[in-house]
Amino acid sequence: MKKTTLALAILSATAVSVQAGTITTDGPDIVVKTKGGLEAKTTDGTASFKIGGRIQLDYNSYDGVMNAVPGKDGSDLFFRRARLELEGHYQDWGYLMAYNLTDSGSIDQLHTTYMGFGDLAELTFGQQKEDFGLEDTGSSKWITAMERSLPANAFDTGNNVGAKLHGANDLITYSLGVYKQDIDGNNDLNSATTARFVVRPMYDKDGLIHLGVGYTTRDGDFTQLGSRLGVRGGEEGDGAGRIRARYTGGAMADELEAWNGELAASFGPVHAMAEYFDGEISGANGVPDIKADGYYVQLGWIVTGETRSYKTGIGAFDKVKPAGTGGAWEVFARYDELDVSDNKNVAPVQVFGETGNTATVGVNWYANELVKIALNYVHADTDEEIGGEDDGDAVVARIQYAF
């Protein structure tokens with residue numbers, strides 16, 4: 001029987017059968033790959049389809065300022081992420097669908113990309129990641145530490161519906177997008193504009209040097225700037241577990257503006273990255289502004305000798321591919337800081353912690369291309385007590401299956 005669709009080819013290739021069969025098409029031949037997931041594509045490159053996703057099971061143990069209950073220890077076992085992804089292309093059009101299976105379920109990304117202008121001018125429409133910051137642009141599957149840094153968390157732009165012009169070659173990566181931020185009380189669209197530019201003065205077999213800058217401006221209702229203190233755990237209390245500045249009594253801001261600078265390098269098994277963020281939300285109706293800034297520095301070493309891969313298309317580090325059957329081992333250290341001390345701790349502004357920092361050390365074992373096991377130790381300090389605590393410690397572990 002002639003199978004004329006890519007979906008039927010995939011179904012036939014994956015079905016369990018006691019008899020051998022033949023797949024034919026009315027077009028180019030189809031190649032089915034199973035390494036690193038399930039992918040099918042035509043030999044002439046006109047069409048492709050891939051099923052992927054990630055499962056991240058975390059265990060966290062934390063105390064002190066990281067806990068919403070002052071003076072107590074806390075712990076949790078939970079799925080940090082569980083996503084199913086479908087992606088592919090037909091001729092000059094690509095697509096990506098990513099769905100969150102955790103909680104009540106939600107669409108993470110759902111977009112289409114026109115690639116007919118070439119690699120330096122692609123257009124993406126739909127629910128997509130806003131490119132702001134090196135660490136945040138990289139996939140959560142392959143960032144070095146389990147949780148992103150304090151300033152990256154504070155200024156995370158997230159995934160939103162919009163349109164983005166982007167492109168890349170070996171020298172540069174750029175993106176410029178306009179997105180939906182929210183709908184205001186008058187049912188008017190609040191929007192965001194986010195831009196990023198990366199240049200690589202060195203990118204060859206000898207190593208990588210990455211320099212970047214980003215900017216975002218956003219309309220909407222904003223009530224705070226802050227971040228969890230290095231671990232996802234007991235941060236849901238009234239001020240506990242987070243360093244932040246926020247409005248009280250229903251006050252809010254109507255605009256956020258932020259920029260960042262990026263620096264990264266990779267030479268063989270050693271890789272390093274650093275970023276600085278600065279931004280503020282502008283108070284509405286005479287309410288004072290809230291400001292925050294912060295930075296992180298991170299150094300990693302792949303003990304078994306592999307080199308961390310890098311994607312020019314997004315301008316960010318990617319996975320570590322083990323060279324041997326024993327997998328790849330990586331150790332790293334990171335220091336980060338977020339400062340909200342410039343804000344006055346008088347109504348309607350409330351400040352928690354003033355300046356917070358974390359020191360994180362960890363080890364990652366890439367058992368193979370799909371499985372990663374991580375163990376991190378995090379120590380947090382704040383200038384001022386939060387809930388009677390000004391420091392805390394956490395041990396966090398993850399087993400990840402990403403395909």
# chains A, B, ... in the order shown; residues from 1 in each chain; ligands from 1
>>> residues_around(residues="region 206-209 of chain A", least_positions_apart="4", cutoff="8 Å", atoms="only C-alpha atoms", output="number ranges by chain")
A: 200-202, 263-268
>>> closest_atom_pairs(of="region 229-340 of chain A", to="region 115-125 of chain A", cutoff="12 Å", atoms="only C-alpha atoms", output="JSON lines")
{"residue": "A:Thr312", "atom": "CA", "partner": "A:Asp119", "partner_atom": "CA", "distance": 10.5}
{"residue": "A:Gly313", "atom": "CA", "partner": "A:Asp119", "partner_atom": "CA", "distance": 8.4}
{"residue": "A:Ile314", "atom": "CA", "partner": "A:Asp119", "partner_atom": "CA", "distance": 11.7}
>>> write_last_selection(atoms="C-alpha atoms", output="tab-separated table (two decimals), in the first residue's frame")
chain	number	residue	atom	x	y	z
A	312	THR	CA	24.78	30.24	16.46
A	313	GLY	CA	21.06	30.32	15.59
A	314	ILE	CA	20.18	31.42	19.13
>>> residues_around(residues="Asp136 (chain A)", least_positions_apart="4", cutoff="9 Å", atoms="only C-alpha atoms", output="MDAnalysis selection string")
chainID A and resid 131:132 140 143 148 152:153 156:158 316
>>> select_by_dssp(residues="region 211-345 of chain A", states="strand (DSSP E or B)", output="ChimeraX atom specification")
/A:211-222,224-228,242-247,253-267,270-283,290-302,310-311,316-317,328-339
>>> write_last_selection(atoms="C-alpha atoms", output="PDB file, in the first residue's frame")
ATOM      1  CA  LEU A 211      29.879  39.386  23.136  1.00  0.00           C
ATOM      2  CA  GLY A 212      26.271  40.449  23.350  1.00  0.00           C
ATOM      3  CA  VAL A 213      23.839  43.159  24.372  1.00  0.00           C
ATOM      4  CA  GLY A 214      20.072  43.129  24.872  1.00  0.00           C
ATOM      5  CA  TYR A 215      17.220  45.570  25.522  1.00  0.00           C
ATOM      6  CA  THR A 216      13.525  45.269  26.363  1.00  0.00           C
ATOM      7  CA  THR A 217      10.745  47.770  27.022  1.00  0.00           C
ATOM      8  CA  ARG A 218       7.336  46.576  28.179  1.00  0.00           C
ATOM      9  CA  ASP A 219       3.931  48.141  28.898  1.00  0.00           C
ATOM     10  CA  GLY A 220       1.596  46.605  31.463  1.00  0.00           C
ATOM     11  CA  ASP A 221       0.855  46.273  35.153  1.00  0.00           C
ATOM     12  CA  PHE A 222       4.004  45.572  37.187  1.00  0.00           C
ATOM     13  CA  GLN A 224       7.622  44.046  41.775  1.00  0.00           C
ATOM     14  CA  LEU A 225      11.183  43.271  40.715  1.00  0.00           C
ATOM     15  CA  GLY A 226      12.923  40.328  42.351  1.00  0.00           C
ATOM     16  CA  SER A 227      14.030  36.736  42.226  1.00  0.00           C
ATOM     17  CA  ARG A 228      13.987  33.491  44.170  1.00  0.00           C
ATOM     18  CA  ARG A 242      12.918  35.931  47.587  1.00  0.00           C
ATOM     19  CA  ILE A 243      14.899  39.137  47.344  1.00  0.00           C
ATOM     20  CA  ARG A 244      12.668  41.807  45.866  1.00  0.00           C
ATOM     21  CA  ALA A 245      11.170  45.283  45.946  1.00  0.00           C
ATOM     22  CA  ARG A 246       7.404  45.469  45.531  1.00  0.00           C
ATOM     23  CA  TYR A 247       4.407  47.780  45.751  1.00  0.00           C
ATOM     24  CA  ALA A 253       3.843  50.521  37.630  1.00  0.00           C
ATOM     25  CA  ASP A 254       2.860  50.701  33.967  1.00  0.00           C
ATOM     26  CA  GLU A 255       6.214  50.228  32.190  1.00  0.00           C
ATOM     27  CA  LEU A 256       9.362  48.122  32.542  1.00  0.00           C
ATOM     28  CA  GLU A 257      12.649  48.912  30.800  1.00  0.00           C
ATOM     29  CA  ALA A 258      15.832  46.834  31.063  1.00  0.00           C
ATOM     30  CA  TRP A 259      19.110  46.136  29.282  1.00  0.00           C
ATOM     31  CA  ASN A 260      21.916  43.636  29.671  1.00  0.00           C
ATOM     32  CA  GLY A 261      25.461  42.883  28.536  1.00  0.00           C
ATOM     33  CA  GLU A 262      26.877  39.403  27.841  1.00  0.00           C
ATOM     34  CA  LEU A 263      30.364  37.923  27.765  1.00  0.00           C
ATOM     35  CA  ALA A 264      31.212  34.259  27.184  1.00  0.00           C
ATOM     36  CA  ALA A 265      34.123  32.113  26.044  1.00  0.00           C
ATOM     37  CA  SER A 266      34.903  28.462  25.446  1.00  0.00           C
ATOM     38  CA  PHE A 267      38.302  26.877  24.927  1.00  0.00           C
ATOM     39  CA  VAL A 270      36.691  25.046  29.768  1.00  0.00           C
ATOM     40  CA  HIS A 271      33.808  27.472  29.335  1.00  0.00           C
ATOM     41  CA  ALA A 272      32.901  30.734  31.058  1.00  0.00           C
ATOM     42  CA  MET A 273      30.075  33.245  30.944  1.00  0.00           C
ATOM     43  CA  ALA A 274      29.039  36.483  32.660  1.00  0.00           C
ATOM     44  CA  GLU A 275      26.150  38.934  32.353  1.00  0.00           C
ATOM     45  CA  TYR A 276      25.074  42.260  33.824  1.00  0.00           C
ATOM     46  CA  PHE A 277      21.418  43.403  34.020  1.00  0.00           C
ATOM     47  CA  ASP A 278      19.947  46.798  34.873  1.00  0.00           C
ATOM     48  CA  GLY A 279      16.317  47.891  34.786  1.00  0.00           C
ATOM     49  CA  GLU A 280      13.386  49.611  36.424  1.00  0.00           C
ATOM     50  CA  ILE A 281       9.621  49.698  36.462  1.00  0.00           C
ATOM     51  CA  SER A 282       8.086  53.167  36.178  1.00  0.00           C
ATOM     52  CA  GLY A 283       5.404  53.957  38.740  1.00  0.00           C
ATOM     53  CA  ILE A 290      11.418  50.449  41.434  1.00  0.00           C
ATOM     54  CA  LYS A 291      14.985  49.750  40.306  1.00  0.00           C
ATOM     55  CA  ALA A 292      17.151  46.628  40.287  1.00  0.00           C
ATOM     56  CA  ASP A 293      20.469  45.537  38.876  1.00  0.00           C
ATOM     57  CA  GLY A 294      22.649  42.457  39.133  1.00  0.00           C
ATOM     58  CA  TYR A 295      25.260  40.228  37.603  1.00  0.00           C
ATOM     59  CA  TYR A 296      26.683  36.717  37.601  1.00  0.00           C
ATOM     60  CA  VAL A 297      29.961  35.054  36.679  1.00  0.00           C
ATOM     61  CA  GLN A 298      30.254  31.326  35.970  1.00  0.00           C
ATOM     62  CA  LEU A 299      33.112  28.960  35.147  1.00  0.00           C
ATOM     63  CA  GLY A 300      32.782  25.346  34.052  1.00  0.00           C
ATOM     64  CA  TRP A 301      35.187  22.518  33.244  1.00  0.00           C
ATOM     65  CA  ILE A 302      34.287  19.275  31.503  1.00  0.00           C
ATOM     66  CA  TYR A 310      27.132  26.252  20.937  1.00  0.00           C
ATOM     67  CA  LYS A 311      24.217  27.210  18.665  1.00  0.00           C
ATOM     68  CA  ALA A 316      23.837  30.382  23.326  1.00  0.00           C
ATOM     69  CA  PHE A 317      25.574  27.321  24.718  1.00  0.00           C
ATOM     70  CA  ALA A 328      30.821  13.144  30.341  1.00  0.00           C
ATOM     71  CA  TRP A 329      31.485  14.789  33.722  1.00  0.00           C
ATOM     72  CA  GLU A 330      31.337  18.539  34.310  1.00  0.00           C
ATOM     73  CA  VAL A 331      32.072  20.664  37.384  1.00  0.00           C
ATOM     74  CA  PHE A 332      31.219  24.361  37.710  1.00  0.00           C
ATOM     75  CA  ALA A 333      30.992  27.322  40.066  1.00  0.00           C
ATOM     76  CA  ARG A 334      28.805  30.443  39.848  1.00  0.00           C
ATOM     77  CA  TYR A 335      28.448  33.636  41.865  1.00  0.00           C
ATOM     78  CA  ASP A 336      25.487  35.968  41.289  1.00  0.00           C
ATOM     79  CA  GLU A 337      23.976  39.056  42.884  1.00  0.00           C
ATOM     80  CA  LEU A 338      20.774  41.083  42.688  1.00  0.00           C
ATOM     81  CA  ASP A 339      20.588  44.573  44.231  1.00  0.00           C
TER      82      ASP A 339
END
>>> residues_around(residues="region 90-92 of chain A", least_positions_apart="4", cutoff="8 Å", atoms="only C-alpha atoms", output="MDAnalysis selection string")
chainID A and resid 45:48 114:116
>>> closest_atom_pairs(of="region 166-237 of chain A", to="region 357-380 of chain A", cutoff="10 Å", atoms="only C-alpha atoms", output="CSV")
residue,atom,partner,partner_atom,distance
A:Leu229,CA,A:Ala380,CA,6.5
A:Gly230,CA,A:Thr358,CA,6.4
A:Val231,CA,A:Val378,CA,7.6
>>> atom_distance(atom1="CA of Thr173 (chain A)", atom2="CA of Val198 (chain A)")
5.0 Å
>>> residues_around(residues="region 65-81 of chain A", least_positions_apart="4", cutoff="9 Å", atoms="only C-alpha atoms", output="PyMOL selection string")
chain A and resi 54-61+100-102+228-242+380-382+385-394+398
>>> closest_residue(among="A:Asp44, A:Asp170, A:Asp26, A:Glu85", to="Gly315 (chain A)", atoms="only C-alpha atoms")
A:Asp170
